[in-house]
Amino acid sequence: MHRALSSSVALALLCPAALSQQTIPEDVLMRAVPGSLLSVDAGASRDVELADLDNDGDIDVLVARGSNQNDDLFWNTGAGQFSRATVGPLVNTAATTRDVALGDVDGDGDLDVFMTRGPGSPNSLFVNRGGAQGGATGVFELNETSVVSNDDANSRRAAFGDIDNDGDLDLFVANSSEDDNFLYVNQGGVQGGTEGEFVRVLDGAVVHDGGVSHEGAFGDIDGDGDLDLFVANHGGVVGGPGALDFLYLNDGLGGFTPVLTGAVVSLNGHSLCAGLADIDRDGDLDLFVGNNQGQDDRLFLNDGRGDFTPVTTEPLVAEGGETKACRFGDVDYDGDMDLLVSRRQGQLDRLFLNDGEGHFVPQALGPLTTEVGETHALGLGDLDGDGFFDIVVAKLDEPDAVYRGLGRQWKDHGGVLPGSTGSPRLFGSGNFMAGLPVNLALKNAAPSAPALLVLGLSRIKMPFKGGVLVPAPDLVFALASNALGEANAGGTIPAGVPSGLHLAFQFWLPDAGGPKGLAATNALSAITP
């Protein structure tokens with residue numbers, strides 16, 4: 001009855017364990033997509049953005065190329081298949097593109113494209129000709145008369161945001177090499193002009209403090225209903241202490257006041273990226289800052305009023321390295337914000353999974369976090385429409401990489417069969433990779449009672465009351481709950497577990513008050529990576 005391929009898994013589960021779920025990473029499954037059209041070119045990729053640029057309901061991919069190469073636009077033709085765009089100035093203007101920012105600047109319902117260029121090449125605004133333009137959505141035209149397309153500096157990254165609360169998108173551009181940063185106000189809304197036309201702001205600290213800036217991030221930092229601005233600055237000199245970052249609070253009308261005290265603006269660093277997200281789900285925006293030149297990244301928790309406390313004990317801020325870009329997103333679909341970090345100089349990219357309370361555990365499996373390279377940016381979106389995030393990695397002078405998201409390793413199939421003491425529950429955590437821990441935790445069972453942990457390679461439906469999903473019983477382990485009605489089984493996975501193995505687990509509990517004399521937990525399944 002016992003199959004050979006289940007015996008290696010069984011070895012890991014025979015020894016009861018008391019492993020904390022908070023300390024075991026619950027990874028998501030990622031699969032590399034070799035030979036994708038998105039990953040065939042070894043170009044000088046500097047940025048990648050995933051968005052629906054032609055309003056057809058699926059996610060397209062725009063890749064910014066440096067070294068005087070043409071940028072690339074890949075149309076999603078359905079289910080994650082792509083065709084390369086070949087016509088139009090967006091993909092036929094050789095330049096040193098640094099960054100791409102997407103936003104509906106003219107309010108016509110489609111996304112326009114702003115690109116930052118290197119010194120000697122003006123930045124560029126490409127208007128999507130759909131919507132109010134009366135043309136085809138997804139056809140882009142360079143707006144050569146806009147002030148944002150004629151300013152020339154050592155521009156790095158750009159960000160759209162409605163700074164004056166008038167319903168249209170304004171624009172911030174971070175500049176380096178002693179160039180002041182750019183801030184542009186959209187002339188629609190309360191400005192009384194045409195939406196999509198911009199005026200450059202010439203006064204204020206935001207446009208006179210710059211010199212070594214790499215990225216700006218908009219967000220309501222102090223909870224007053226308007227967009228504030230954080231700017232990540234890079235010290236430039238290798239081995240030097242770095243520069244101070246900037247934080248500006250908005251007065252509600254687009255006027256910014258610099259914050260001069262606090263940890264966020266008092267720590268020198270070589271900052272290249274910034275991200276704002278509510279990582280601890282307390283209703284305010286926290287801040288991540290990525291550094292290079294061997295400096296640790298930084299994480300700050302917001303108290304709701306814009307005062308930040310640095311986090312110093314997480315793996316996230318203790319690795320040092322060469323962080324280039326960062327992106328928040330709920331990668332594992334559990335309701336909290338996870339973090340993707342790209343690394344340069346042959347270091348590993350990182351995916352940190354949030355435990356729901358703002359603590360991050362590094363992803364332990366999959367090619368995304370085991371392939372070295374020179375990553376400059378990460379794009380996150382559901383390319384194939386299967387409901388899971390996919391990731392596109394933009395690399396310098398080597399093919400870009402595409403990883404398909406397959407969801408969490410653990411899946412809960414329900415099927416709880418309540419007993420006389422309540423509804424018992426089963427929780428699984430960990431990874432089925434050699435040398436990594438796995439834990440199965442029984443909760444809310446009858447106290448000090450026998451419990452049978454069932455392991456199967458498939459699931460069947462047993463004709464209990466109402467039906468319940470359970471594993472086909474390939475192996476059954478006898479355990480006992482403690483005085484709290486809890487039990488744990490787990491251990492370290494041995495070598496030899498094959499990939500792609502579907503495993504199913506459930507606790508069956510003898511219970512005189514339950515249907516057919518049994519109670520049952522929910523059924524969990526996992527796929528070995």
# chains A, B, ... in the order shown; residues from 1 in each chain; ligands from 1
>>> select_by_dssp(residues="stretch 128-225 of chain A", states="strand (DSSP E)", output="PyMOL selection string")
chain A and resi 128+140-142+154-161+170-176+182-186+198-200+213-219
>>> closest_atom_pairs(of="stretch 321-435 of chain A", to="stretch 97-117 of chain A", cutoff="12 Å", atoms="only C-alpha atoms", output="CSV")
residue,atom,partner,partner_atom,distance
A:Ala325,CA,A:Asp99,CA,11.1
A:His376,CA,A:Arg98,CA,9.8
A:Ala377,CA,A:Asp99,CA,9.3
A:Leu378,CA,A:Asp99,CA,11.8
A:Gly379,CA,A:Val100,CA,11.3
A:Ala394,CA,A:Asp99,CA,11.5
A:Leu396,CA,A:Arg98,CA,11.7
>>> closest_residue(among="A:Thr369, A:Asn175, A:Gln345, A:Thr312", to="A:Asn292", atoms="only C-alpha atoms")
A:Gln345
>>> residues_around(residues="A:Asp355", least_positions_apart="4", cutoff="8 Å", atoms="only C-alpha atoms", output="PyMOL selection string")
chain A and resi 22+336+359-361
>>> residues_around(residues="A:Gly366", least_positions_apart="4", cutoff="12 Å", atoms="only C-alpha atoms", output="list of chain:residue names")
A:Asp27, A:Val28, A:Leu29, A:Met30, A:Arg31, A:Ala32, A:Leu348, A:Asp349, A:Arg350, A:Leu351, A:Pro362, A:Thr370, A:Glu371, A:Tyr403, A:Arg404, A:Gly405, A:Leu406, A:Gln409, A:Asn431, A:Phe432, A:Met433, A:Ser499, A:Thr528, A:Pro529
>>> decode(residues="stretch 137-272 of chain A", atoms="C-alpha atoms", output="PDB file, in the first residue's frame")
ATOM      1  CA  THR A 137      -5.481  52.691 -27.890  1.00  0.00           C
ATOM      2  CA  GLY A 138      -1.931  51.411 -27.551  1.00  0.00           C
ATOM      3  CA  VAL A 139      -0.526  53.629 -30.313  1.00  0.00           C
ATOM      4  CA  PHE A 140       1.862  56.125 -28.738  1.00  0.00           C
ATOM      5  CA  GLU A 141       2.915  59.537 -30.031  1.00  0.00           C
ATOM      6  CA  LEU A 142       5.811  61.586 -28.663  1.00  0.00           C
ATOM      7  CA  ASN A 143       4.605  64.911 -27.246  1.00  0.00           C
ATOM      8  CA  GLU A 144       7.504  67.032 -28.411  1.00  0.00           C
ATOM      9  CA  THR A 145       6.102  70.348 -27.175  1.00  0.00           C
ATOM     10  CA  SER A 146       5.558  69.389 -23.527  1.00  0.00           C
ATOM     11  CA  VAL A 147       7.984  70.853 -21.027  1.00  0.00           C
ATOM     12  CA  VAL A 148       8.466  67.371 -19.576  1.00  0.00           C
ATOM     13  CA  SER A 149       9.812  66.242 -22.967  1.00  0.00           C
ATOM     14  CA  ASN A 150      12.324  69.071 -23.259  1.00  0.00           C
ATOM     15  CA  ASP A 151      14.067  69.179 -19.892  1.00  0.00           C
ATOM     16  CA  ASP A 152      17.501  67.557 -19.967  1.00  0.00           C
ATOM     17  CA  ALA A 153      19.343  66.336 -16.867  1.00  0.00           C
ATOM     18  CA  ASN A 154      20.902  63.192 -15.459  1.00  0.00           C
ATOM     19  CA  SER A 155      17.404  61.904 -14.714  1.00  0.00           C
ATOM     20  CA  ARG A 156      16.934  58.626 -12.892  1.00  0.00           C
ATOM     21  CA  ARG A 157      13.415  57.629 -11.837  1.00  0.00           C
ATOM     22  CA  ALA A 158      10.047  59.328 -12.109  1.00  0.00           C
ATOM     23  CA  ALA A 159       6.740  59.092 -10.250  1.00  0.00           C
ATOM     24  CA  PHE A 160       3.221  60.312 -10.988  1.00  0.00           C
ATOM     25  CA  GLY A 161       0.937  61.586  -8.216  1.00  0.00           C
ATOM     26  CA  ASP A 162      -1.859  64.102  -7.691  1.00  0.00           C
ATOM     27  CA  ILE A 163      -0.024  66.552  -5.433  1.00  0.00           C
ATOM     28  CA  ASP A 164      -2.645  69.348  -5.504  1.00  0.00           C
ATOM     29  CA  ASN A 165      -5.728  67.132  -5.082  1.00  0.00           C
ATOM     30  CA  ASP A 166      -7.356  68.348  -8.305  1.00  0.00           C
ATOM     31  CA  GLY A 167      -7.931  64.931  -9.861  1.00  0.00           C
ATOM     32  CA  ASP A 168      -5.079  64.791 -12.364  1.00  0.00           C
ATOM     33  CA  LEU A 169      -1.555  63.414 -12.268  1.00  0.00           C
ATOM     34  CA  ASP A 170       1.461  65.591 -11.577  1.00  0.00           C
ATOM     35  CA  LEU A 171       5.042  64.400 -12.071  1.00  0.00           C
ATOM     36  CA  PHE A 172       8.272  64.196 -10.043  1.00  0.00           C
ATOM     37  CA  VAL A 173      11.628  63.360 -11.648  1.00  0.00           C
ATOM     38  CA  ALA A 174      14.668  62.463  -9.548  1.00  0.00           C
ATOM     39  CA  ASN A 175      17.947  63.794 -10.951  1.00  0.00           C
ATOM     40  CA  SER A 176      21.527  62.958 -10.107  1.00  0.00           C
ATOM     41  CA  SER A 177      24.974  64.487 -10.841  1.00  0.00           C
ATOM     42  CA  GLU A 178      24.273  67.756  -9.011  1.00  0.00           C
ATOM     43  CA  ASP A 179      21.131  68.460 -11.061  1.00  0.00           C
ATOM     44  CA  ASP A 180      18.106  69.763  -9.182  1.00  0.00           C
ATOM     45  CA  ASN A 181      15.060  67.511  -9.178  1.00  0.00           C
ATOM     46  CA  PHE A 182      12.069  68.291 -11.416  1.00  0.00           C
ATOM     47  CA  LEU A 183       8.462  68.769 -10.268  1.00  0.00           C
ATOM     48  CA  TYR A 184       5.699  69.404 -12.804  1.00  0.00           C
ATOM     49  CA  VAL A 185       2.083  70.387 -12.140  1.00  0.00           C
ATOM     50  CA  ASN A 186      -0.615  69.132 -14.514  1.00  0.00           C
ATOM     51  CA  GLN A 187      -2.659  72.092 -15.744  1.00  0.00           C
ATOM     52  CA  GLY A 188      -6.034  70.341 -15.614  1.00  0.00           C
ATOM     53  CA  GLY A 189      -8.394  70.599 -12.644  1.00  0.00           C
ATOM     54  CA  VAL A 190      -7.969  73.599 -10.338  1.00  0.00           C
ATOM     55  CA  GLN A 191      -5.141  74.913 -12.517  1.00  0.00           C
ATOM     56  CA  GLY A 192      -7.760  75.856 -15.104  1.00  0.00           C
ATOM     57  CA  GLY A 193      -5.762  74.645 -18.082  1.00  0.00           C
ATOM     58  CA  THR A 194      -5.731  71.604 -20.293  1.00  0.00           C
ATOM     59  CA  GLU A 195      -5.311  68.248 -18.612  1.00  0.00           C
ATOM     60  CA  GLY A 196      -2.082  66.662 -19.822  1.00  0.00           C
ATOM     61  CA  GLU A 197      -0.205  69.951 -20.148  1.00  0.00           C
ATOM     62  CA  PHE A 198       2.460  70.572 -17.504  1.00  0.00           C
ATOM     63  CA  VAL A 199       4.188  73.529 -15.896  1.00  0.00           C
ATOM     64  CA  ARG A 200       7.515  73.090 -14.160  1.00  0.00           C
ATOM     65  CA  VAL A 201       7.704  74.228 -10.521  1.00  0.00           C
ATOM     66  CA  LEU A 202      10.605  76.631 -10.058  1.00  0.00           C
ATOM     67  CA  ASP A 203      10.358  77.499  -6.359  1.00  0.00           C
ATOM     68  CA  GLY A 204      10.644  75.488  -3.179  1.00  0.00           C
ATOM     69  CA  ALA A 205      12.960  73.014  -1.513  1.00  0.00           C
ATOM     70  CA  VAL A 206      11.773  70.059  -3.626  1.00  0.00           C
ATOM     71  CA  VAL A 207      13.324  71.548  -6.768  1.00  0.00           C
ATOM     72  CA  HIS A 208      16.415  73.032  -5.127  1.00  0.00           C
ATOM     73  CA  ASP A 209      17.580  70.321  -2.720  1.00  0.00           C
ATOM     74  CA  GLY A 210      18.605  67.787  -5.345  1.00  0.00           C
ATOM     75  CA  GLY A 211      21.938  66.685  -6.648  1.00  0.00           C
ATOM     76  CA  VAL A 212      22.224  62.970  -5.948  1.00  0.00           C
ATOM     77  CA  SER A 213      18.608  61.742  -6.133  1.00  0.00           C
ATOM     78  CA  HIS A 214      17.587  58.378  -7.619  1.00  0.00           C
ATOM     79  CA  GLU A 215      13.917  57.815  -6.818  1.00  0.00           C
ATOM     80  CA  GLY A 216      10.892  59.595  -5.431  1.00  0.00           C
ATOM     81  CA  ALA A 217       7.891  57.890  -3.825  1.00  0.00           C
ATOM     82  CA  PHE A 218       4.534  59.610  -3.278  1.00  0.00           C
ATOM     83  CA  GLY A 219       2.248  58.660  -0.389  1.00  0.00           C
ATOM     84  CA  ASP A 220       0.116  60.149   2.379  1.00  0.00           C
ATOM     85  CA  ILE A 221       2.755  59.784   5.063  1.00  0.00           C
ATOM     86  CA  ASP A 222       1.139  61.918   7.798  1.00  0.00           C
ATOM     87  CA  GLY A 223      -2.464  60.829   7.220  1.00  0.00           C
ATOM     88  CA  ASP A 224      -3.869  64.233   6.301  1.00  0.00           C
ATOM     89  CA  GLY A 225      -5.309  63.242   2.933  1.00  0.00           C
ATOM     90  CA  ASP A 226      -2.653  64.540   0.530  1.00  0.00           C
ATOM     91  CA  LEU A 227       0.448  63.070  -1.106  1.00  0.00           C
ATOM     92  CA  ASP A 228       3.771  63.637   0.595  1.00  0.00           C
ATOM     93  CA  LEU A 229       7.108  62.819  -1.020  1.00  0.00           C
ATOM     94  CA  PHE A 230      10.150  60.753  -0.016  1.00  0.00           C
ATOM     95  CA  VAL A 231      13.315  61.026  -2.117  1.00  0.00           C
ATOM     96  CA  ALA A 232      16.101  58.430  -2.028  1.00  0.00           C
ATOM     97  CA  ASN A 233      19.576  59.940  -2.477  1.00  0.00           C
ATOM     98  CA  HIS A 234      22.846  58.252  -3.394  1.00  0.00           C
ATOM     99  CA  GLY A 235      26.156  59.402  -1.937  1.00  0.00           C
ATOM    100  CA  GLY A 236      28.022  58.750  -5.136  1.00  0.00           C
ATOM    101  CA  VAL A 237      31.568  58.246  -3.857  1.00  0.00           C
ATOM    102  CA  VAL A 238      32.433  54.569  -3.390  1.00  0.00           C
ATOM    103  CA  GLY A 239      33.344  53.902   0.212  1.00  0.00           C
ATOM    104  CA  GLY A 240      31.974  57.239   1.371  1.00  0.00           C
ATOM    105  CA  PRO A 241      29.241  57.665   3.965  1.00  0.00           C
ATOM    106  CA  GLY A 242      26.592  58.521   1.392  1.00  0.00           C
ATOM    107  CA  ALA A 243      23.975  61.258   1.431  1.00  0.00           C
ATOM    108  CA  LEU A 244      20.919  62.143   3.474  1.00  0.00           C
ATOM    109  CA  ASP A 245      17.517  61.266   2.027  1.00  0.00           C
ATOM    110  CA  PHE A 246      14.705  63.825   1.748  1.00  0.00           C
ATOM    111  CA  LEU A 247      11.178  63.809   3.176  1.00  0.00           C
ATOM    112  CA  TYR A 248       8.649  66.503   2.259  1.00  0.00           C
ATOM    113  CA  LEU A 249       5.164  67.052   3.711  1.00  0.00           C
ATOM    114  CA  ASN A 250       2.421  68.405   1.453  1.00  0.00           C
ATOM    115  CA  ASP A 251       0.292  71.387   2.540  1.00  0.00           C
ATOM    116  CA  GLY A 252      -2.668  70.026   0.562  1.00  0.00           C
ATOM    117  CA  LEU A 253      -2.169  72.357  -2.394  1.00  0.00           C
ATOM    118  CA  GLY A 254       1.057  70.912  -3.738  1.00  0.00           C
ATOM    119  CA  GLY A 255       3.399  72.991  -1.595  1.00  0.00           C
ATOM    120  CA  PHE A 256       6.057  70.911   0.171  1.00  0.00           C
ATOM    121  CA  THR A 257       7.866  71.533   3.444  1.00  0.00           C
ATOM    122  CA  PRO A 258      11.059  69.579   4.139  1.00  0.00           C
ATOM    123  CA  VAL A 259      11.237  67.433   7.277  1.00  0.00           C
ATOM    124  CA  LEU A 260      14.579  68.152   8.942  1.00  0.00           C
ATOM    125  CA  THR A 261      14.564  65.820  11.948  1.00  0.00           C
ATOM    126  CA  GLY A 262      14.033  62.107  12.534  1.00  0.00           C
ATOM    127  CA  ALA A 263      15.752  58.887  11.511  1.00  0.00           C
ATOM    128  CA  VAL A 264      14.457  58.933   7.916  1.00  0.00           C
ATOM    129  CA  VAL A 265      16.367  62.131   7.061  1.00  0.00           C
ATOM    130  CA  SER A 266      19.298  61.737   9.460  1.00  0.00           C
ATOM    131  CA  LEU A 267      21.016  58.585   8.166  1.00  0.00           C
ATOM    132  CA  ASN A 268      23.602  58.844   5.410  1.00  0.00           C
ATOM    133  CA  GLY A 269      23.317  56.200   2.752  1.00  0.00           C
ATOM    134  CA  HIS A 270      23.720  55.136  -0.830  1.00  0.00           C
ATOM    135  CA  SER A 271      19.981  54.896  -1.498  1.00  0.00           C
ATOM    136  CA  LEU A 272      18.785  53.768  -4.913  1.00  0.00           C
TER     137      LEU A 272
END
